[in-house]
Amino acid sequence: MKSFLITVLGLAMLGFGIAGPCFCESTAFGNKIFDPGSLKPVDSVLKIKTGDAAPDFTLTSITGKELRLSSYIGRKNVMLSFIPAAWTPVCSDQWPGYNIAEDIFRRYDTLLIGISTDPLPTLFAWTRDMGGLWFEVVSDFWPHGAVSETYGVLRTNGTAERAIILIDKKGIIRFVHVGDINLRPDLGILVREMKKLNP
Amino acid sequence: MKYIIHQNRITRVPWAVLIFFVFSGFIFSPAPGLSEEPAGRLDFLLPAPDNTGHRQYLGLSTDKPFSLGQIKAQVVIVEIFSMYCPVCQREAENINAVFRLIQSRSGLKDKVKLIGIGAGNSAYEVDFFREKYGIEFPLFSDTDFSIHKKIGEVRTPHFFCLSLDGNNGFSVFYSGTEAIETPEAFLQTLLKDSGIKVTP
């Protein structure tokens, strides 16, 4: 009986792998999107938690600007949006969604920073294909994934998790979401958390 | 004795494989392809809108879930969109214009109805999209992609145009992702293909 159950469960798990991720691809990028298939939902171990001081970093944005996290202390809340990879299905529709939500981020005095371990030229071309973004996008390519690793969201294949880290104006982490890489986090949750910082 | 146990294992594993594949037809069946009957893919229920105006627009007399065939119309346009889809964002003004064109013509507004379904969008995300683009026709959330899977995991935006038979049945006369070049041309093509008679 045990071997019977193990076999059924094993096949069921295989089936989940075959079933593929849940995403809805838009026609925006033509046939340029690479589909990696269904990925292990989470493949890293967090090194930060709510209440911690956010580890500082300086990364270069696609506009050429050096962006230092600690420079926003006392000025803005900061939301870090780690995404796994450019030109992949879920990621390619995640930031365009935030792109129409600029008013919400402004309302809650929150600066959005997109982070990927892709190199700058890739991020530049990809976000251009989105029609441009209002928020900063920085590259954590070299030393490869160093910031992602510091936060504990670097996957074993060198990409980042699909993660959201919300940092308040004192530089303290107030919300951490490392979700299933195959799914987008609900915008409603992000808004709820930003609202908590600005009651 | 050892031999019997071993034999049982041999016979149980193929049964397990058989049971898995029988049930996997329900759980892991691939998204229906375009070769299948499209009307069947659109056989799902939507929750009645909370908004009374939207319920009236769709001709729903109760607040129970409804099928597309129950909408009081001769033709129903279903837009599959996503708040996150850049093309859906760009096309929002065009689809709004199509809706306004329909509503502005007395011979048309009771015959052609328009709805949108947000694939993978939560209720919050659908509401956000509605407010962002001032969308007046009913939008529905498909948070868990269940409808999106059933309709064949189409890319967005995607339009289905249905011809209703008046007895809760319908056929699909258009299914595609073509952009709306002009709202007037989109509507005229749709009306022509639908075969409905429109009084000026």
# chains A, B, ... in the order shown; residues from 1 in each chain; ligands from 1
>>> select_by_dssp(residues="region 2-197 of chain A", states="strand (DSSP E or B)", output="VMD selection string")
chain A and resid 26 53 58 to 61 66 to 68 77 to 82 110 to 116 136 to 139 154 160 163 to 167 172 to 178
>>> residues_around(residues="Ser61 (chain B)", least_positions_apart="5", cutoff="12 Å", atoms="only C-alpha atoms", output="list of chain:residue names")
B:Ala48, B:Pro49, B:Thr52, B:Gly53, B:His54, B:Arg55, B:Gln56, B:Phe66, B:Gln70, B:Ile71, B:Lys72
>>> write_last_selection(atoms="C-alpha atoms", output="short mmCIF file (atom, residue, chain, number, x, y, z; two decimals), in the first residue's frame")
data_model
loop_
_atom_site.label_atom_id
_atom_site.label_comp_id
_atom_site.auth_asym_id
_atom_site.auth_seq_id
_atom_site.Cartn_x
_atom_site.Cartn_y
_atom_site.Cartn_z
CA ALA B 48 -23.49 38.68 -10.65
CA PRO B 49 -21.99 42.17 -10.32
CA THR B 52 -26.96 47.32 -9.64
CA GLY B 53 -26.43 49.28 -12.86
CA HIS B 54 -24.20 46.54 -14.21
CA ARG B 55 -26.77 43.88 -13.29
CA GLN B 56 -29.43 45.85 -15.15
CA PHE B 66 -24.69 33.55 -14.47
CA GLN B 70 -27.94 34.40 -19.85
CA ILE B 71 -26.92 37.94 -20.73
CA LYS B 72 -29.84 39.81 -22.24
#
>>> residues_around(residues="Ala85 (chain A)", least_positions_apart="4", cutoff="10 Å", atoms="only C-alpha atoms", output="CSV table (one decimal) with N, CA and C atoms, in the first residue's frame")
chain,number,residue,atom,x,y,z
A,34,PHE,N,10.9,34.5,-23.4
A,34,PHE,CA,11.5,33.1,-23.2
A,34,PHE,C,10.7,32.5,-22.1
A,89,PRO,N,8.0,35.4,-18.9
A,89,PRO,CA,6.5,35.7,-18.9
A,89,PRO,C,6.0,36.5,-17.8
A,90,VAL,N,6.2,36.1,-16.6
A,90,VAL,CA,5.5,36.8,-15.4
A,90,VAL,C,6.2,38.1,-15.2
A,91,CYS,N,7.5,38.2,-15.3
A,91,CYS,CA,8.2,39.4,-15.0
A,91,CYS,C,7.8,40.5,-16.1
A,92,SER,N,7.6,40.1,-17.3
A,92,SER,CA,7.4,41.0,-18.4
A,92,SER,C,6.1,41.7,-18.2
A,115,ILE,N,14.7,45.6,-9.2
A,115,ILE,CA,16.0,45.0,-9.1
A,115,ILE,C,16.0,43.7,-9.8
A,116,SER,N,17.0,43.5,-10.6
A,116,SER,CA,17.2,42.2,-11.3
A,116,SER,C,18.7,41.9,-11.4
A,117,THR,N,19.0,40.6,-11.5
A,117,THR,CA,20.4,40.2,-11.7
A,117,THR,C,20.8,40.3,-13.1
A,118,ASP,N,19.9,40.7,-14.0
A,118,ASP,CA,20.3,40.9,-15.4
A,118,ASP,C,21.3,42.0,-15.6
A,122,THR,N,20.6,44.6,-20.9
A,122,THR,CA,19.4,43.8,-21.1
A,122,THR,C,18.2,44.5,-20.4
A,123,LEU,N,18.4,45.0,-19.2
A,123,LEU,CA,17.3,45.7,-18.5
A,123,LEU,C,16.9,46.9,-19.3
A,158,GLY,N,21.3,31.8,-9.9
A,158,GLY,CA,21.8,33.2,-10.1
A,158,GLY,C,20.8,34.2,-10.4
A,159,THR,N,19.5,33.8,-10.5
A,159,THR,CA,18.4,34.8,-10.6
A,159,THR,C,17.9,35.1,-9.3
A,160,ALA,N,17.1,36.2,-9.2
A,160,ALA,CA,16.5,36.6,-7.9
A,160,ALA,C,15.1,35.9,-7.8
A,161,GLU,N,14.6,35.9,-6.6
A,161,GLU,CA,13.2,35.5,-6.3
A,161,GLU,C,12.3,36.6,-6.8
A,162,ARG,N,11.0,36.3,-6.9
A,162,ARG,CA,10.0,37.3,-7.1
A,162,ARG,C,9.7,37.9,-5.7
>>> closest_residue(among="B:Ser141, B:Thr156, B:Asn121, B:Gln89", to="chain A", atoms="only C-alpha atoms")
B:Thr156
>>> residues_around(residues="Ile164 (chain A)", least_positions_apart="2", cutoff="8 Å", atoms="only C-alpha atoms", output="NGL selection string")
:A and (79-82 or 162 or 166 or 175-178)
>>> select_by_dssp(residues="region 101-171 of chain B", states="alpha helix (DSSP H)", output="ChimeraX atom specification")
/B:101-104,123-133,146-150
>>> write_last_selection(atoms="C-alpha atoms", output="CSV table (one decimal), in the first residue's frame")
chain,number,residue,atom,x,y,z
B,101,LEU,CA,-20.5,53.9,-29.7
B,102,ILE,CA,-22.8,51.0,-28.8
B,103,GLN,CA,-24.6,52.9,-26.0
B,104,SER,CA,-25.1,56.0,-28.2
B,123,ALA,CA,-10.7,42.0,-7.4
B,124,TYR,CA,-8.5,44.9,-6.3
B,125,GLU,CA,-6.5,44.8,-9.6
B,126,VAL,CA,-9.7,44.7,-11.7
B,127,ASP,CA,-11.1,47.7,-9.7
B,128,PHE,CA,-7.9,49.5,-10.1
B,129,PHE,CA,-7.9,49.0,-13.9
B,130,ARG,CA,-11.6,50.1,-14.0
B,131,GLU,CA,-10.9,53.3,-12.2
B,132,LYS,CA,-7.6,54.0,-14.0
B,133,TYR,CA,-9.3,53.9,-17.4
B,146,SER,CA,-9.5,29.2,-13.8
B,147,ILE,CA,-11.4,30.9,-16.6
B,148,HIS,CA,-8.2,31.8,-18.4
B,149,LYS,CA,-7.2,28.1,-18.4
B,150,LYS,CA,-10.6,27.0,-19.6
